[in-house]
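Chemist: After the structure tokens below, expect a handful of questions from me.
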Amino acid sequence: MNNPKKSGLILEPAQKKELYRLQRRLLLRSGLTLGALTMLTGCNMQDGDDVDKVLWAMSRWNDRVQAWLFSDRRPAQTYRPDQITTPFRFNAFYPEDNVPEVDIATWQLDVSGLVTDKRPWTMQKLRALPQQSQITRLICIEGWSAIGQWSGVPLRTFLQHVGADMRAGFVGFRCADRYYSSIDMATALHPQTTLALDFVGKELPDEFGYPLRLRVPTKLGFKNAKHIVAISVSNTNPGGYWEDQGYNWFSGI
């Protein structure tokens, strides 16, 4: 991170702590530039409203820039089977012993929003769709990454089957563990974006998102929703668990 003193901004210890909290909350730990710090000069870090407005504006600007740079034809890097990370790391907003136990006998995938077919989906129907496999790297905002093999239904294929409006802006996900997230339609249609059913050739383990998770290798790990129970298509941004707390919404890599 740039040194605040070099930008003319001198912070007290409590203010530095506040700045760090805001940086983390808006995924700006590695993106808060000298120019951005200059914008904060003269702000009282104890009065969060003005600072929040600046950082929220920066986050929205980051979203627009990332969306402009994103290409739905450029693939994320893929890897060989011998490069798969073992053991693969668990991550969630709760400890591993709180992973939900989903009963597949009663589980269904609800579909809503700008789609022509809103009938729920069973696992049997999902597995009957064309499948694809990828070995890609999951990159966590916390600074670690891991390579895994994911197999499942291309999200584009699923959206076509439910008659989704491909001109819509957003695809949202709700999960059995109370998590929720959303991605832009361009990312949803990216050829590597997958509704994953399997991990390393076997049914998804509970800790990695059973029975259904989003695998989107062009975005940071927290965008990869797990234990999905509902998908919606809309022109209104549905936000997300971390995004609504200030994390950068687009979060491309």
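Ordering of the structure tokens sets the chain letters (A, B, ...), residue numbers begin anew at 1 in every chain, and ligands are numbered from 1 in the order given.
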Please provide the set of residues having any atom within 10 Å of Phe173 (chain A), restricted to only C-alpha atoms, with same-chain residues fewer than 2 positions apart removed, written as a compact mmCIF listing (two decimals) with all heavy atoms, in the first residue's frame.
Modeler:
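Wrote result18.txt, looks like this:
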# COMPACT_ATOMS: atom_id res chain seq x y z
N ASP A 110 -34.52 -23.55 -7.27
CA ASP A 110 -35.58 -22.64 -7.70
C ASP A 110 -35.04 -21.65 -8.72
O ASP A 110 -33.88 -21.22 -8.64
CB ASP A 110 -36.16 -21.90 -6.51
CG ASP A 110 -36.91 -22.81 -5.56
OD1 ASP A 110 -37.51 -23.80 -6.03
OD2 ASP A 110 -36.88 -22.56 -4.33
N VAL A 111 -35.89 -21.26 -9.67
CA VAL A 111 -35.51 -20.34 -10.73
C VAL A 111 -36.55 -19.22 -10.77
O VAL A 111 -37.75 -19.48 -10.72
CB VAL A 111 -35.44 -21.04 -12.10
CG1 VAL A 111 -34.99 -20.07 -13.17
CG2 VAL A 111 -34.50 -22.24 -12.03
N VAL A 171 -27.20 -12.09 -12.67
CA VAL A 171 -27.65 -13.41 -12.24
C VAL A 171 -27.32 -13.54 -10.76
O VAL A 171 -26.17 -13.35 -10.36
CB VAL A 171 -26.97 -14.54 -13.03
CG1 VAL A 171 -27.46 -15.91 -12.55
CG2 VAL A 171 -27.22 -14.39 -14.53
N CYS A 175 -28.26 -19.35 -1.22
CA CYS A 175 -27.63 -20.59 -0.79
C CYS A 175 -28.23 -21.12 0.50
O CYS A 175 -28.84 -20.37 1.27
CB CYS A 175 -26.13 -20.35 -0.61
SG CYS A 175 -25.34 -19.58 -2.04
N TYR A 179 -25.88 -17.68 2.57
CA TYR A 179 -25.03 -16.86 1.72
C TYR A 179 -25.81 -16.46 0.47
O TYR A 179 -26.75 -17.15 0.06
CB TYR A 179 -23.79 -17.65 1.32
CG TYR A 179 -22.65 -16.82 0.77
CD1 TYR A 179 -21.84 -16.09 1.62
CD2 TYR A 179 -22.38 -16.77 -0.60
CE1 TYR A 179 -20.78 -15.33 1.13
CE2 TYR A 179 -21.33 -16.02 -1.09
CZ TYR A 179 -20.53 -15.30 -0.22
OH TYR A 179 -19.49 -14.56 -0.71
N TYR A 180 -25.43 -15.35 -0.13
CA TYR A 180 -26.01 -14.95 -1.40
C TYR A 180 -24.98 -14.11 -2.14
O TYR A 180 -24.11 -13.47 -1.53
CB TYR A 180 -27.32 -14.19 -1.21
CG TYR A 180 -27.20 -12.88 -0.45
CD1 TYR A 180 -27.23 -11.66 -1.12
CD2 TYR A 180 -27.04 -12.86 0.93
CE1 TYR A 180 -27.13 -10.45 -0.44
CE2 TYR A 180 -26.93 -11.66 1.63
CZ TYR A 180 -26.97 -10.46 0.94
OH TYR A 180 -26.86 -9.28 1.62
N SER A 181 -25.05 -14.13 -3.45
CA SER A 181 -24.11 -13.37 -4.27
C SER A 181 -24.72 -13.17 -5.65
O SER A 181 -25.83 -13.64 -5.94
CB SER A 181 -22.76 -14.10 -4.36
OG SER A 181 -21.79 -13.27 -4.98
N SER A 182 -24.00 -12.46 -6.50
CA SER A 182 -24.49 -12.21 -7.85
C SER A 182 -23.32 -11.90 -8.77
O SER A 182 -22.26 -11.48 -8.32
CB SER A 182 -25.50 -11.05 -7.86
OG SER A 182 -24.91 -9.88 -7.33
N ILE A 183 -23.54 -12.12 -10.06
CA ILE A 183 -22.53 -11.81 -11.07
C ILE A 183 -23.22 -11.12 -12.24
O ILE A 183 -24.44 -11.17 -12.39
CB ILE A 183 -21.79 -13.07 -11.56
CG1 ILE A 183 -22.78 -14.09 -12.15
CG2 ILE A 183 -20.98 -13.70 -10.45
CD1 ILE A 183 -22.12 -15.33 -12.76
N ARG A 213 -22.59 -25.71 -6.55
CA ARG A 213 -21.90 -24.45 -6.30
C ARG A 213 -21.57 -23.77 -7.62
O ARG A 213 -21.56 -24.41 -8.69
CB ARG A 213 -20.62 -24.66 -5.51
CG ARG A 213 -19.49 -25.30 -6.31
CD ARG A 213 -18.19 -25.24 -5.54
NE ARG A 213 -17.66 -23.88 -5.44
CZ ARG A 213 -16.76 -23.50 -4.54
NH1 ARG A 213 -16.29 -24.36 -3.66
NH2 ARG A 213 -16.31 -22.26 -4.52
N LEU A 214 -21.32 -22.50 -7.55
CA LEU A 214 -20.88 -21.74 -8.71
C LEU A 214 -19.36 -21.79 -8.78
O LEU A 214 -18.68 -21.57 -7.78
CB LEU A 214 -21.35 -20.29 -8.59
CG LEU A 214 -20.94 -19.36 -9.73
CD1 LEU A 214 -21.63 -19.77 -11.04
CD2 LEU A 214 -21.27 -17.91 -9.39
N LYS A 223 -17.01 -14.84 -4.77
CA LYS A 223 -18.09 -14.80 -5.76
C LYS A 223 -18.57 -16.20 -6.13
O LYS A 223 -19.58 -16.34 -6.83
CB LYS A 223 -17.61 -14.07 -7.02
CG LYS A 223 -17.13 -12.65 -6.80
CD LYS A 223 -18.23 -11.72 -6.34
CE LYS A 223 -19.23 -11.40 -7.42
NZ LYS A 223 -20.19 -10.35 -7.02
N ASN A 224 -17.86 -17.24 -5.67
CA ASN A 224 -18.18 -18.62 -6.03
C ASN A 224 -19.14 -19.21 -5.00
O ASN A 224 -18.75 -19.96 -4.10
CB ASN A 224 -16.90 -19.45 -6.11
CG ASN A 224 -16.01 -19.06 -7.27
OD1 ASN A 224 -15.77 -19.82 -8.18
ND2 ASN A 224 -15.48 -17.83 -7.23
N ALA A 225 -20.40 -18.87 -5.12
CA ALA A 225 -21.41 -19.26 -4.14
C ALA A 225 -21.52 -20.78 -4.02
O ALA A 225 -21.44 -21.50 -5.02
CB ALA A 225 -22.76 -18.66 -4.53
N LYS A 226 -21.75 -21.27 -2.79
CA LYS A 226 -21.85 -22.70 -2.52
C LYS A 226 -23.25 -23.04 -2.00
O LYS A 226 -24.00 -22.18 -1.57
CB LYS A 226 -20.80 -23.12 -1.49
CG LYS A 226 -19.37 -22.85 -1.94
CD LYS A 226 -18.34 -23.37 -0.94
CE LYS A 226 -18.36 -22.58 0.34
NZ LYS A 226 -17.26 -22.98 1.26
N HIS A 227 -23.58 -24.34 -2.06
CA HIS A 227 -24.86 -24.85 -1.54
C HIS A 227 -26.03 -24.08 -2.16
O HIS A 227 -26.98 -23.70 -1.47
CB HIS A 227 -24.91 -24.73 -0.02
CG HIS A 227 -23.67 -25.17 0.69
ND1 HIS A 227 -23.31 -26.50 0.79
CD2 HIS A 227 -22.69 -24.47 1.31
CE1 HIS A 227 -22.18 -26.59 1.46
NE2 HIS A 227 -21.77 -25.38 1.77
N ILE A 228 -25.99 -23.87 -3.47
CA ILE A 228 -26.99 -23.03 -4.14
C ILE A 228 -28.37 -23.68 -4.11
O ILE A 228 -28.52 -24.88 -4.40
CB ILE A 228 -26.56 -22.76 -5.59
CG1 ILE A 228 -25.24 -21.97 -5.61
CG2 ILE A 228 -27.63 -21.97 -6.34
CD1 ILE A 228 -24.65 -21.82 -6.99
N VAL A 229 -29.38 -22.89 -3.79
CA VAL A 229 -30.77 -23.38 -3.79
C VAL A 229 -31.66 -22.55 -4.71
O VAL A 229 -32.79 -22.95 -4.98
CB VAL A 229 -31.37 -23.38 -2.37
CG1 VAL A 229 -30.61 -24.35 -1.47
CG2 VAL A 229 -31.37 -21.98 -1.76
N ALA A 230 -31.17 -21.42 -5.20
CA ALA A 230 -32.00 -20.58 -6.06
C ALA A 230 -31.13 -19.72 -6.97
O ALA A 230 -30.07 -19.23 -6.56
CB ALA A 230 -32.93 -19.69 -5.23
N ILE A 231 -31.62 -19.54 -8.20
CA ILE A 231 -30.96 -18.69 -9.18
C ILE A 231 -32.00 -17.72 -9.73
O ILE A 231 -33.13 -18.12 -10.05
CB ILE A 231 -30.35 -19.51 -10.33
CG1 ILE A 231 -29.22 -20.40 -9.81
CG2 ILE A 231 -29.85 -18.61 -11.46
CD1 ILE A 231 -28.59 -21.29 -10.88
N SER A 232 -31.63 -16.45 -9.84
CA SER A 232 -32.54 -15.45 -10.38
C SER A 232 -31.83 -14.63 -11.45
O SER A 232 -30.61 -14.45 -11.42
CB SER A 232 -33.03 -14.51 -9.26
OG SER A 232 -31.94 -13.81 -8.69
N VAL A 233 -32.62 -14.15 -12.40
CA VAL A 233 -32.11 -13.30 -13.48
C VAL A 233 -32.87 -11.98 -13.41
O VAL A 233 -34.10 -11.97 -13.34
CB VAL A 233 -32.31 -13.97 -14.86
CG1 VAL A 233 -31.83 -13.06 -15.98
CG2 VAL A 233 -31.57 -15.32 -14.91
N PRO A 238 -28.68 -7.76 -7.36
CA PRO A 238 -29.12 -8.37 -6.11
C PRO A 238 -28.10 -8.24 -4.98
O PRO A 238 -28.38 -8.65 -3.85
CB PRO A 238 -29.31 -9.85 -6.48
CG PRO A 238 -28.99 -9.99 -7.91
CD PRO A 238 -28.29 -8.76 -8.36
N GLY A 239 -26.92 -7.71 -5.27
CA GLY A 239 -25.90 -7.57 -4.24
C GLY A 239 -25.30 -8.90 -3.83
O GLY A 239 -25.26 -9.86 -4.60
N GLY A 240 -24.84 -8.97 -2.58
CA GLY A 240 -24.23 -10.18 -2.09
C GLY A 240 -23.89 -10.05 -0.62
O GLY A 240 -23.90 -8.95 -0.06
Chemist: Neighbours of Thr116 (chain A) within 8 Å (only C-alpha atoms; same-chain residues fewer than 4 positions away dropped), as a PyMOL selection string?
Modeler: chain A and resi 162-164
Chemist: How about saving the chosen residues, all heavy atoms kept, as a short mmCIF file (atom, residue, chain, number, x, y, z; two decimals), in the first residue's frame?
Modeler:
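Result written to selection-v1.cif:
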data_model
loop_
_atom_site.label_atom_id
_atom_site.label_comp_id
_atom_site.auth_asym_id
_atom_site.auth_seq_id
_atom_site.Cartn_x
_atom_site.Cartn_y
_atom_site.Cartn_z
N VAL A 162 -33.60 -22.54 -19.34
CA VAL A 162 -34.72 -21.93 -18.62
C VAL A 162 -35.26 -20.71 -19.35
O VAL A 162 -36.16 -20.03 -18.87
CB VAL A 162 -34.32 -21.54 -17.17
CG1 VAL A 162 -33.92 -22.78 -16.40
CG2 VAL A 162 -33.21 -20.49 -17.15
N GLY A 163 -34.71 -20.43 -20.52
CA GLY A 163 -35.18 -19.30 -21.31
C GLY A 163 -34.87 -17.96 -20.67
O GLY A 163 -35.69 -17.03 -20.68
N ALA A 164 -33.67 -17.83 -20.12
CA ALA A 164 -33.27 -16.58 -19.48
C ALA A 164 -33.10 -15.47 -20.51
O ALA A 164 -32.70 -15.71 -21.65
CB ALA A 164 -31.97 -16.77 -18.71
#
Chemist: I'd like the contact shell of Thr236 (chain A) - 9 Å cut-off, only C-alpha atoms, skipping same-chain residues fewer than 5 positions apart - returned as a PyMOL selection string.
Modeler: chain A and resi 168-170
Chemist: Could the residues in this selection be written to a file with C-alpha atoms, as a compact mmCIF listing (two decimals), in the first residue's frame?
Modeler:
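As written to disk, result_25.txt reads:
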# COMPACT_ATOMS: atom_id res chain seq x y z
CA ALA A 168 -30.49 -8.89 -18.50
CA GLY A 169 -27.81 -7.40 -16.30
CA PHE A 170 -27.43 -9.82 -13.40
Chemist: Which neighbours of Tyr79 (chain A) fall inside 10 Å, counting only C-alpha atoms, when residues of the same chain fewer than 4 positions from it are skipped, and could you give them as an NGL selection string?
Modeler: :A and (83-84 or 134-137 or 147-149)
Chemist: Limited to C-alpha atoms, could you put the picked residues into a file as a JSON list (two decimals), in the first residue's frame?
Modeler:
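Saved result, out31.json, follows:
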[["chain", "number", "residue", "atom", "x", "y", "z"],
["A", 83, "GLN", "CA", -0.99, -29.49, -10.14],
["A", 84, "ILE", "CA", -4.23, -29.87, -8.16],
["A", 134, "GLN", "CA", -11.96, -27.56, -15.71],
["A", 135, "ILE", "CA", -8.84, -27.40, -13.56],
["A", 136, "THR", "CA", -8.55, -23.79, -12.46],
["A", 137, "ARG", "CA", -7.23, -21.72, -9.58],
["A", 147, "ILE", "CA", -6.06, -25.32, -7.77],
["A", 148, "GLY", "CA", -9.04, -27.66, -8.08],
["A", 149, "GLN", "CA", -10.90, -29.69, -10.67]]
